[in-house]
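Below is query_36.cif, which holds mmCIF, N, CA and C atoms.
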```cif
data_run
#
loop_
_atom_site.label_atom_id
_atom_site.label_comp_id
_atom_site.auth_asym_id
_atom_site.auth_seq_id
_atom_site.Cartn_x
_atom_site.Cartn_y
_atom_site.Cartn_z
N MET A 1 106.85 121.01 103.35
CA MET A 1 105.59 120.28 103.37
C MET A 1 105.15 120.00 101.93
N ALA A 2 104.33 119.01 101.77
CA ALA A 2 103.84 118.65 100.45
C ALA A 2 102.98 119.77 99.89
N GLU A 3 102.77 119.70 98.59
CA GLU A 3 101.90 120.71 98.00
C GLU A 3 100.51 120.60 98.62
N LYS A 4 99.83 121.69 98.64
CA LYS A 4 98.52 121.76 99.29
C LYS A 4 97.54 120.79 98.64
N ILE A 5 96.82 120.07 99.47
CA ILE A 5 95.79 119.13 99.00
C ILE A 5 94.52 119.93 98.74
N SER A 6 93.94 119.72 97.58
CA SER A 6 92.72 120.47 97.25
C SER A 6 91.48 119.69 97.69
N GLU A 7 90.40 120.41 97.82
CA GLU A 7 89.13 119.77 98.18
C GLU A 7 88.68 118.81 97.09
N GLU A 8 89.01 119.13 95.84
CA GLU A 8 88.65 118.24 94.73
C GLU A 8 89.39 116.91 94.87
N GLN A 9 90.65 116.95 95.31
CA GLN A 9 91.41 115.71 95.50
C GLN A 9 90.79 114.89 96.64
N VAL A 10 90.36 115.56 97.69
CA VAL A 10 89.73 114.86 98.80
C VAL A 10 88.41 114.22 98.34
N LYS A 11 87.64 114.95 97.54
CA LYS A 11 86.40 114.38 96.99
C LYS A 11 86.70 113.14 96.16
N HIS A 12 87.76 113.22 95.35
CA HIS A 12 88.14 112.11 94.49
C HIS A 12 88.54 110.88 95.33
N VAL A 13 89.35 111.09 96.35
CA VAL A 13 89.76 110.00 97.22
C VAL A 13 88.54 109.40 97.93
N ALA A 14 87.63 110.25 98.36
CA ALA A 14 86.41 109.77 99.03
C ALA A 14 85.58 108.92 98.07
N GLU A 15 85.48 109.33 96.82
CA GLU A 15 84.74 108.54 95.83
C GLU A 15 85.39 107.18 95.63
N LEU A 16 86.73 107.17 95.54
CA LEU A 16 87.43 105.91 95.34
C LEU A 16 87.21 104.96 96.52
N ALA A 17 87.11 105.54 97.72
CA ALA A 17 86.89 104.74 98.93
C ALA A 17 85.41 104.49 99.20
N LYS A 18 84.56 104.94 98.29
CA LYS A 18 83.10 104.79 98.43
C LYS A 18 82.60 105.43 99.73
N LEU A 19 83.13 106.63 100.04
CA LEU A 19 82.72 107.38 101.22
C LEU A 19 81.92 108.60 100.79
N GLU A 20 80.91 108.93 101.56
CA GLU A 20 80.15 110.14 101.30
C GLU A 20 80.63 111.22 102.26
N ILE A 21 81.08 112.34 101.70
CA ILE A 21 81.53 113.46 102.52
C ILE A 21 80.68 114.66 102.16
N SER A 22 80.06 115.26 103.18
CA SER A 22 79.24 116.44 102.92
C SER A 22 80.13 117.66 102.71
N ASP A 23 79.57 118.72 102.16
CA ASP A 23 80.33 119.95 101.94
C ASP A 23 80.82 120.55 103.25
N ASP A 24 80.08 120.32 104.34
CA ASP A 24 80.49 120.81 105.66
C ASP A 24 81.73 120.07 106.17
N GLN A 25 81.84 118.79 105.83
CA GLN A 25 82.94 117.97 106.31
C GLN A 25 84.20 118.14 105.47
N LEU A 26 84.06 118.63 104.27
CA LEU A 26 85.17 118.69 103.32
C LEU A 26 86.39 119.46 103.84
N PRO A 27 86.25 120.66 104.43
CA PRO A 27 87.44 121.35 104.94
C PRO A 27 88.16 120.56 106.04
N TYR A 28 87.39 119.90 106.89
CA TYR A 28 87.99 119.12 107.99
C TYR A 28 88.85 117.98 107.42
N PHE A 29 88.30 117.23 106.47
CA PHE A 29 89.04 116.10 105.91
C PHE A 29 90.19 116.56 105.02
N THR A 30 90.05 117.71 104.37
CA THR A 30 91.14 118.25 103.57
C THR A 30 92.32 118.58 104.47
N LYS A 31 92.06 119.23 105.60
CA LYS A 31 93.13 119.57 106.53
C LYS A 31 93.76 118.29 107.10
N GLN A 32 92.94 117.32 107.42
CA GLN A 32 93.45 116.07 107.97
C GLN A 32 94.35 115.34 106.98
N LEU A 33 93.94 115.29 105.72
CA LEU A 33 94.74 114.63 104.70
C LEU A 33 96.06 115.37 104.48
N GLU A 34 96.03 116.69 104.52
CA GLU A 34 97.26 117.48 104.41
C GLU A 34 98.22 117.13 105.54
N GLN A 35 97.71 116.97 106.77
CA GLN A 35 98.55 116.62 107.90
C GLN A 35 99.16 115.23 107.74
N ILE A 36 98.38 114.30 107.21
CA ILE A 36 98.89 112.94 107.00
C ILE A 36 100.01 112.95 105.97
N ILE A 37 99.79 113.66 104.86
CA ILE A 37 100.83 113.76 103.83
C ILE A 37 102.06 114.45 104.41
N GLY A 38 101.85 115.43 105.28
CA GLY A 38 102.97 116.11 105.93
C GLY A 38 103.80 115.16 106.77
N LEU A 39 103.18 114.19 107.41
CA LEU A 39 103.92 113.20 108.18
C LEU A 39 104.83 112.37 107.28
N PHE A 40 104.37 112.05 106.10
CA PHE A 40 105.21 111.32 105.16
C PHE A 40 106.39 112.16 104.72
N ASP A 41 106.19 113.46 104.54
CA ASP A 41 107.29 114.36 104.21
C ASP A 41 108.34 114.34 105.32
N THR A 42 107.89 114.39 106.57
CA THR A 42 108.80 114.34 107.71
C THR A 42 109.57 113.02 107.73
N LEU A 43 108.89 111.91 107.51
CA LEU A 43 109.55 110.61 107.50
C LEU A 43 110.57 110.49 106.38
N SER A 44 110.29 111.09 105.25
CA SER A 44 111.22 110.98 104.11
C SER A 44 112.52 111.73 104.37
N LYS A 45 112.56 112.64 105.35
CA LYS A 45 113.76 113.39 105.67
C LYS A 45 114.69 112.64 106.64
N VAL A 46 114.20 111.55 107.24
CA VAL A 46 115.00 110.79 108.20
C VAL A 46 116.08 110.01 107.47
N ASP A 47 117.32 110.11 107.96
CA ASP A 47 118.44 109.39 107.36
C ASP A 47 118.43 107.94 107.83
N THR A 48 118.18 107.02 106.92
CA THR A 48 118.12 105.60 107.25
C THR A 48 119.29 104.84 106.65
N THR A 49 120.35 105.55 106.30
CA THR A 49 121.53 104.91 105.73
C THR A 49 122.10 103.90 106.73
N GLY A 50 122.31 102.69 106.29
CA GLY A 50 122.89 101.65 107.14
C GLY A 50 121.92 100.98 108.09
N VAL A 51 120.65 101.35 108.05
CA VAL A 51 119.66 100.74 108.93
C VAL A 51 119.07 99.52 108.22
N GLU A 52 119.14 98.39 108.91
CA GLU A 52 118.61 97.15 108.33
C GLU A 52 117.09 97.21 108.30
N PRO A 53 116.45 96.72 107.24
CA PRO A 53 114.99 96.65 107.21
C PRO A 53 114.48 95.78 108.35
N THR A 54 113.36 96.15 108.93
CA THR A 54 112.78 95.43 110.06
C THR A 54 111.50 94.74 109.64
N SER A 55 111.41 93.46 109.96
CA SER A 55 110.16 92.76 109.68
C SER A 55 109.38 92.53 110.97
N SER A 56 110.07 92.65 112.11
CA SER A 56 109.41 92.48 113.41
C SER A 56 110.18 93.32 114.43
N VAL A 57 109.45 93.92 115.35
CA VAL A 57 110.10 94.76 116.35
C VAL A 57 110.36 94.02 117.65
N THR A 58 110.01 92.74 117.72
CA THR A 58 110.27 91.96 118.92
C THR A 58 111.16 90.79 118.57
N ASP A 59 111.71 90.16 119.59
CA ASP A 59 112.52 88.97 119.35
C ASP A 59 111.69 87.69 119.49
N GLN A 60 110.38 87.85 119.62
CA GLN A 60 109.48 86.71 119.74
C GLN A 60 109.38 85.98 118.40
N ILE A 61 109.33 84.67 118.46
CA ILE A 61 109.21 83.86 117.25
C ILE A 61 107.92 83.05 117.37
N ASN A 62 107.13 83.06 116.31
CA ASN A 62 105.90 82.25 116.32
C ASN A 62 106.26 80.77 116.35
N VAL A 63 105.62 80.06 117.24
CA VAL A 63 105.83 78.63 117.31
C VAL A 63 104.58 77.99 116.73
N MET A 64 104.76 77.28 115.65
CA MET A 64 103.64 76.68 114.97
C MET A 64 103.73 75.16 115.09
N ARG A 65 102.59 74.53 115.24
CA ARG A 65 102.57 73.08 115.23
C ARG A 65 102.44 72.62 113.78
N GLU A 66 102.85 71.42 113.52
CA GLU A 66 102.72 70.87 112.18
C GLU A 66 101.24 70.66 111.86
N ASP A 67 100.83 71.01 110.67
CA ASP A 67 99.43 70.91 110.27
C ASP A 67 99.18 69.50 109.73
N ILE A 68 98.65 68.66 110.59
CA ILE A 68 98.40 67.27 110.21
C ILE A 68 96.90 67.00 110.32
N ALA A 69 96.33 66.51 109.23
CA ALA A 69 94.91 66.16 109.25
C ALA A 69 94.74 64.84 109.99
N GLU A 70 93.78 64.80 110.89
CA GLU A 70 93.51 63.59 111.65
C GLU A 70 92.05 63.20 111.44
N ASN A 71 91.81 61.92 111.28
CA ASN A 71 90.45 61.42 111.13
C ASN A 71 89.97 60.97 112.50
N TRP A 72 89.03 61.67 113.07
CA TRP A 72 88.54 61.34 114.40
C TRP A 72 87.31 60.43 114.34
N HIS A 73 86.96 59.99 113.17
CA HIS A 73 85.85 59.07 112.98
C HIS A 73 84.56 59.60 113.60
N GLN A 74 84.30 60.88 113.41
CA GLN A 74 83.09 61.50 113.94
C GLN A 74 82.21 62.04 112.82
N THR A 75 82.35 61.49 111.64
CA THR A 75 81.60 61.97 110.49
C THR A 75 80.09 61.94 110.74
N GLN A 76 79.59 60.81 111.24
CA GLN A 76 78.15 60.69 111.44
C GLN A 76 77.64 61.68 112.48
N GLY A 77 78.39 61.89 113.55
CA GLY A 77 78.00 62.86 114.57
C GLY A 77 77.94 64.26 113.99
N LEU A 78 78.89 64.58 113.11
CA LEU A 78 78.89 65.89 112.47
C LEU A 78 77.68 66.03 111.55
N LEU A 79 77.43 65.01 110.74
CA LEU A 79 76.29 65.07 109.82
C LEU A 79 74.96 65.13 110.59
N ASP A 80 74.89 64.46 111.74
CA ASP A 80 73.67 64.49 112.54
C ASP A 80 73.37 65.89 113.06
N ASN A 81 74.40 66.70 113.27
CA ASN A 81 74.22 68.05 113.80
C ASN A 81 74.03 69.10 112.71
N ALA A 82 74.23 68.72 111.46
CA ALA A 82 74.10 69.67 110.36
C ALA A 82 72.63 69.87 110.02
N PRO A 83 72.24 71.10 109.67
CA PRO A 83 70.82 71.35 109.36
C PRO A 83 70.36 70.68 108.08
N ASP A 84 71.27 70.45 107.12
CA ASP A 84 70.86 69.86 105.84
C ASP A 84 72.03 69.05 105.28
N THR A 85 71.79 67.79 104.94
CA THR A 85 72.84 66.94 104.39
C THR A 85 72.32 66.22 103.16
N GLN A 86 73.29 65.75 102.35
CA GLN A 86 72.92 64.95 101.18
C GLN A 86 74.13 64.09 100.82
N ASP A 87 73.92 62.80 100.70
CA ASP A 87 74.95 61.85 100.30
C ASP A 87 76.24 61.96 101.11
N GLY A 88 76.11 62.18 102.42
CA GLY A 88 77.28 62.23 103.28
C GLY A 88 77.99 63.57 103.31
N TYR A 89 77.37 64.60 102.75
CA TYR A 89 77.95 65.94 102.74
C TYR A 89 76.98 66.92 103.40
N ILE A 90 77.52 68.02 103.91
CA ILE A 90 76.69 69.07 104.47
C ILE A 90 76.30 70.00 103.33
N ARG A 91 75.00 70.24 103.18
CA ARG A 91 74.51 71.18 102.16
C ARG A 91 74.47 72.57 102.77
N VAL A 92 74.95 73.53 101.99
CA VAL A 92 74.93 74.93 102.43
C VAL A 92 74.23 75.76 101.36
N PRO A 93 73.72 76.93 101.75
CA PRO A 93 73.06 77.78 100.75
C PRO A 93 74.05 78.29 99.71
N THR A 94 73.52 78.54 98.51
CA THR A 94 74.36 79.10 97.45
C THR A 94 74.78 80.52 97.84
N ILE A 95 76.06 80.80 97.73
CA ILE A 95 76.56 82.12 98.11
C ILE A 95 76.80 82.97 96.87
N ILE A 96 77.35 82.36 95.84
CA ILE A 96 77.65 83.09 94.61
C ILE A 96 76.62 82.71 93.57
N ASP A 97 75.91 83.70 93.07
CA ASP A 97 74.91 83.48 92.05
C ASP A 97 75.58 83.69 90.69
N GLU A 98 75.75 82.63 89.95
CA GLU A 98 76.42 82.71 88.66
C GLU A 98 75.45 82.92 87.50
N SER A 99 74.19 83.16 87.81
CA SER A 99 73.22 83.38 86.74
C SER A 99 73.48 84.73 86.08
N GLU A 100 73.04 84.86 84.90
CA GLU A 100 73.27 86.08 84.11
C GLU A 100 72.22 87.16 84.35
N ASP A 101 71.14 86.88 85.16
CA ASP A 101 70.09 87.87 85.33
C ASP A 101 70.51 88.95 86.25
#
```

Can you dump the structure from the file as structure tokens?
Amino acid sequence: MAEKISEEQVKHVAELAKLEISDDQLPYFTKQLEQIIGLFDTLSKVDTTGVEPTSSVTDQINVMREDIAENWHQTQGLLDNAPDTQDGYIRVPTIIDESED
């Protein structure tokens, strides 16, 4: 099995993931993380010599249609349904604020 995972390492991982873990929860998550790392140890012992890498486990193939833009001449109907338009375009609220404040 992998070396023992410390509670400090679990706290560090939680901080990186922006998770809050209470002191009561710490032993539970430490044990859980040890078990997960243990699974990787088990997987690393499996002999995969001669096994082809797998990208899909089924023989199904995605069937895609060609992506062709079509003009349905419904521009005015679309603009009529938009809450705010200007010069033939739909106006939307600013999402990214590039101001320095």

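Put simply, the PyMOL selection byres (((chain A and resi 5-13 and name CA) around 9) and name CA) in this file takes in Ala2, Glu3, Lys4, Ala14, Glu15, Leu16, Ala17, Lys18, Leu19, Glu20, Ile21, Leu26, Pro27, Phe29, Thr30, Lys31, Leu33, Glu34 and Ile37 of chain A.
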
DSSP says helix (DSSP H, G or I) for which residues of chain A? Put them as a CSV table (one decimal) with N, CA and C atoms, keeping the file's coordinate frame?
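Written file, states.csv:
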```
chain,number,residue,atom,x,y,z
A,7,GLU,N,90.4,120.4,97.8
A,7,GLU,CA,89.1,119.8,98.2
A,7,GLU,C,88.7,118.8,97.1
A,8,GLU,N,89.0,119.1,95.8
A,8,GLU,CA,88.6,118.2,94.7
A,8,GLU,C,89.4,116.9,94.9
A,9,GLN,N,90.6,117.0,95.3
A,9,GLN,CA,91.4,115.7,95.5
A,9,GLN,C,90.8,114.9,96.6
A,10,VAL,N,90.4,115.6,97.7
A,10,VAL,CA,89.7,114.9,98.8
A,10,VAL,C,88.4,114.2,98.3
A,11,LYS,N,87.6,115.0,97.5
A,11,LYS,CA,86.4,114.4,97.0
A,11,LYS,C,86.7,113.1,96.2
A,12,HIS,N,87.8,113.2,95.4
A,12,HIS,CA,88.1,112.1,94.5
A,12,HIS,C,88.5,110.9,95.3
A,13,VAL,N,89.4,111.1,96.4
A,13,VAL,CA,89.8,110.0,97.2
A,13,VAL,C,88.5,109.4,97.9
A,14,ALA,N,87.6,110.2,98.4
A,14,ALA,CA,86.4,109.8,99.0
A,14,ALA,C,85.6,108.9,98.1
A,15,GLU,N,85.5,109.3,96.8
A,15,GLU,CA,84.7,108.5,95.8
A,15,GLU,C,85.4,107.2,95.6
A,16,LEU,N,86.7,107.2,95.5
A,16,LEU,CA,87.4,105.9,95.3
A,16,LEU,C,87.2,105.0,96.5
A,26,LEU,N,84.1,118.6,104.3
A,26,LEU,CA,85.2,118.7,103.3
A,26,LEU,C,86.4,119.5,103.8
A,27,PRO,N,86.2,120.7,104.4
A,27,PRO,CA,87.4,121.4,104.9
A,27,PRO,C,88.2,120.6,106.0
A,28,TYR,N,87.4,119.9,106.9
A,28,TYR,CA,88.0,119.1,108.0
A,28,TYR,C,88.8,118.0,107.4
A,29,PHE,N,88.3,117.2,106.5
A,29,PHE,CA,89.0,116.1,105.9
A,29,PHE,C,90.2,116.6,105.0
A,30,THR,N,90.0,117.7,104.4
A,30,THR,CA,91.1,118.2,103.6
A,30,THR,C,92.3,118.6,104.5
A,31,LYS,N,92.1,119.2,105.6
A,31,LYS,CA,93.1,119.6,106.5
A,31,LYS,C,93.8,118.3,107.1
A,32,GLN,N,92.9,117.3,107.4
A,32,GLN,CA,93.4,116.1,108.0
A,32,GLN,C,94.4,115.3,107.0
A,33,LEU,N,93.9,115.3,105.7
A,33,LEU,CA,94.7,114.6,104.7
A,33,LEU,C,96.1,115.4,104.5
A,34,GLU,N,96.0,116.7,104.5
A,34,GLU,CA,97.3,117.5,104.4
A,34,GLU,C,98.2,117.1,105.5
A,35,GLN,N,97.7,117.0,106.8
A,35,GLN,CA,98.6,116.6,107.9
A,35,GLN,C,99.2,115.2,107.7
A,36,ILE,N,98.4,114.3,107.2
A,36,ILE,CA,98.9,112.9,107.0
A,36,ILE,C,100.0,113.0,106.0
A,37,ILE,N,99.8,113.7,104.9
A,37,ILE,CA,100.8,113.8,103.8
A,37,ILE,C,102.1,114.4,104.4
A,38,GLY,N,101.8,115.4,105.3
A,38,GLY,CA,103.0,116.1,105.9
A,38,GLY,C,103.8,115.2,106.8
A,39,LEU,N,103.2,114.2,107.4
A,39,LEU,CA,103.9,113.2,108.2
A,39,LEU,C,104.8,112.4,107.3
A,40,PHE,N,104.4,112.0,106.1
A,40,PHE,CA,105.2,111.3,105.2
A,40,PHE,C,106.4,112.2,104.7
A,41,ASP,N,106.2,113.5,104.5
A,41,ASP,CA,107.3,114.4,104.2
A,41,ASP,C,108.3,114.3,105.3
A,42,THR,N,107.9,114.4,106.6
A,42,THR,CA,108.8,114.3,107.7
A,42,THR,C,109.6,113.0,107.7
A,43,LEU,N,108.9,111.9,107.5
A,43,LEU,CA,109.6,110.6,107.5
A,43,LEU,C,110.6,110.5,106.4
A,44,SER,N,110.3,111.1,105.2
A,44,SER,CA,111.2,111.0,104.1
A,44,SER,C,112.5,111.7,104.4
A,75,THR,N,82.4,61.5,111.6
A,75,THR,CA,81.6,62.0,110.5
A,75,THR,C,80.1,61.9,110.7
A,76,GLN,N,79.6,60.8,111.2
A,76,GLN,CA,78.2,60.7,111.4
A,76,GLN,C,77.6,61.7,112.5
A,77,GLY,N,78.4,61.9,113.6
A,77,GLY,CA,78.0,62.9,114.6
A,77,GLY,C,77.9,64.3,114.0
A,78,LEU,N,78.9,64.6,113.1
A,78,LEU,CA,78.9,65.9,112.5
A,78,LEU,C,77.7,66.0,111.6
A,79,LEU,N,77.4,65.0,110.7
A,79,LEU,CA,76.3,65.1,109.8
A,79,LEU,C,75.0,65.1,110.6
A,80,ASP,N,74.9,64.5,111.7
A,80,ASP,CA,73.7,64.5,112.5
A,80,ASP,C,73.4,65.9,113.1
A,81,ASN,N,74.4,66.7,113.3
A,81,ASN,CA,74.2,68.0,113.8
A,81,ASN,C,74.0,69.1,112.7
```

Taking only region 10-91 of chain A into account, list the residues labelled strand (DSSP E or B) by DSSP (computed from the backbone), as a PDB file with N, CA and C atoms, in the frame of the given file.
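Final file, out39.pdb:
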```pdb
ATOM      1  N   THR A  85      71.790  67.790 104.940  1.00  0.00           N
ATOM      2  CA  THR A  85      72.840  66.940 104.390  1.00  0.00           C
ATOM      3  C   THR A  85      72.320  66.220 103.160  1.00  0.00           C
ATOM      4  N   GLN A  86      73.290  65.750 102.350  1.00  0.00           N
ATOM      5  CA  GLN A  86      72.920  64.950 101.180  1.00  0.00           C
ATOM      6  C   GLN A  86      74.130  64.090 100.820  1.00  0.00           C
ATOM      7  N   TYR A  89      77.370  64.600 102.750  1.00  0.00           N
ATOM      8  CA  TYR A  89      77.950  65.940 102.740  1.00  0.00           C
ATOM      9  C   TYR A  89      76.980  66.920 103.400  1.00  0.00           C
ATOM     10  N   ILE A  90      77.520  68.020 103.910  1.00  0.00           N
ATOM     11  CA  ILE A  90      76.690  69.070 104.470  1.00  0.00           C
ATOM     12  C   ILE A  90      76.300  70.000 103.330  1.00  0.00           C
TER      13      ILE A  90
END
```

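Taking atom C of Thr75 (chain A) as the reference point, CA of Ile90 (chain A) is found at 10.1 Å.
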
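CA of Gln86 (chain A) lies 16.7 Å from CA of Gln74 (chain A).
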
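What separates CA of Asp80 (chain A) from atom C of Ile95 (chain A) is a distance of 24.4 Å.
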